[in-house]
Amino acid sequence: MRPVLILAVCGLSALILGCSVSASGRVAPMDRVTESDQSAEHRRAHLRLSLATAYLQQGQTLVALDEVKQALALAPDLSAAWHLRGVIYMQLGDVSRADPSFERAMALSPDDADLLHNYGWLLCRLPVAEDRHVRAQALLRRAAVRSTAAQSAKSWLALAICQEQVGQAGQALDSLFQPALMTMADAPTLWQAVKLARKLDNAVLVARFGEQLRHRFGRSQQAAAFDKGAWDE
């Protein structure tokens, strides 16, 4: 079971600038940041990153990686580029490069909810190690409370999967009982939640998630699979 990966490539907006110092040494009021405040290198880097995102969505992973490399050559401090680099290497199965990419992005944007989710999910998928899974769960929990409701549902599901993998059935059920999963999850997320609840032998949750599938996504393939009991689909 894999929750939908959130590709956090929204960091294409203008960089946030701090207060500037006037010639007299006094701090000038901070102005609203606009495109002209960016350097030419950063504007080109954002363009490269937009292209990388488009290529990745089209399945052209290596072309996307090349665009990310060019974006980072122009702007080494661009958190979204390091994040996307991590996502790409994650998809390529290259953990040795994905992990430091996420670490670099985290150093630049420690509160980015999508980044927290993706890095937590990467750590969750690696071979079980206590310190790694403790950190994975902490990152996913932070992502869940910082995200929009729909994205929060995916993070709670990812956290529940992580917890179940290490035998924390009670904690996994607590994560599945989160309101966002009940009310804001999309059909694929609800379907994964149904299957995890069934694996945890919780008939109440299976029924609740199934009811949400039928009520909100009655014509979806996930609802049809639930009605047929096609748990492997």
# chains A, B, ... in the order shown; residues from 1 in each chain; ligands from 1
call {"tool": "select_by_dssp", "arguments": {"residues": "chain A", "states": "alpha helix (DSSP H)", "output": "ChimeraX atom specification"}}
result
/A:40-57,61-74,79-92,95-108,113-125,130-146,149-165,169-176,179-183,187-199,203-216,221-228
call {"tool": "closest_residue", "arguments": {"among": "A:Lys195, A:Arg104, A:Arg43, A:Arg208", "to": "Ala225 (chain A)", "atoms": "only C-alpha atoms"}}
result
A:Lys195
call {"tool": "atom_distance", "arguments": {"atom1": "CA of Ala144 (chain A)", "atom2": "CA of Ala45 (chain A)"}}
result
29.3 Å
call {"tool": "atom_distance", "arguments": {"atom1": "CA of Asp112 (chain A)", "atom2": "CA of Ser147 (chain A)"}}
result
8.7 Å
call {"tool": "residues_around", "arguments": {"residues": "Thr61 (chain A)", "least_positions_apart": "4", "cutoff": "9 Å", "atoms": "only C-alpha atoms", "output": "VMD selection string"}}
result
chain A and resid 52 55 to 57 65 to 66 88 91 to 92
call {"tool": "closest_residue", "arguments": {"among": "A:Ala81, A:Ala138, A:Leu173, A:Ala193", "to": "Leu157 (chain A)", "atoms": "only C-alpha atoms"}}
result
A:Ala193
call {"tool": "residues_around", "arguments": {"residues": "His46 (chain A)", "least_positions_apart": "3", "cutoff": "8 Å", "atoms": "only C-alpha atoms", "output": "PyMOL selection string"}}
result
chain A and resi 12+42-43+49-50+71
call {"tool": "closest_residue", "arguments": {"among": "A:Ala105, A:Ala223, A:Leu190, A:Ala150", "to": "Leu205 (chain A)", "atoms": "only C-alpha atoms"}}
result
A:Leu190
call {"tool": "closest_residue", "arguments": {"among": "A:Gly59, A:Pro76, A:Pro179, A:Gly120", "to": "Leu159 (chain A)", "atoms": "only C-alpha atoms"}}
result
A:Gly120
call {"tool": "residues_around", "arguments": {"residues": "Gln168 (chain A)", "least_positions_apart": "6", "cutoff": "12 Å", "atoms": "only C-alpha atoms", "output": "ChimeraX atom specification"}}
result
/A:133-134,137,159-162,174-175,200
call {"tool": "closest_residue", "arguments": {"among": "A:Gly86, A:Ala73, A:Arg135, A:Ala187", "to": "Ser220 (chain A)", "atoms": "only C-alpha atoms"}}
result
A:Ala187
call {"tool": "residues_around", "arguments": {"residues": "His117 (chain A)", "least_positions_apart": "6", "cutoff": "9 Å", "atoms": "only C-alpha atoms", "output": "PyMOL selection string"}}
result
chain A and resi 5-6+136+139-144+154-155+158
call {"tool": "write_last_selection", "arguments": {"atoms": "C-alpha atoms", "output": "compact mmCIF listing (two decimals), in the first residue's frame"}}
result
# COMPACT_ATOMS: atom_id res chain seq x y z
CA LEU A 5 3.11 10.91 -3.39
CA ILE A 6 2.79 14.65 -2.99
CA ALA A 136 9.83 9.17 9.63
CA LEU A 139 8.07 14.10 9.91
CA LEU A 140 4.75 12.65 8.74
CA ARG A 141 2.98 13.85 11.88
CA ARG A 142 4.34 17.36 11.35
CA ALA A 143 3.23 17.21 7.72
CA ALA A 144 -0.27 16.15 8.75
CA LYS A 154 -2.49 11.47 2.84
CA SER A 155 0.01 12.20 5.60
CA ALA A 158 1.29 7.38 5.39
call {"tool": "closest_residue", "arguments": {"among": "A:Val166, A:Val63, A:Leu84, A:Val204", "to": "Asp131 (chain A)", "atoms": "only C-alpha atoms"}}
result
A:Val166
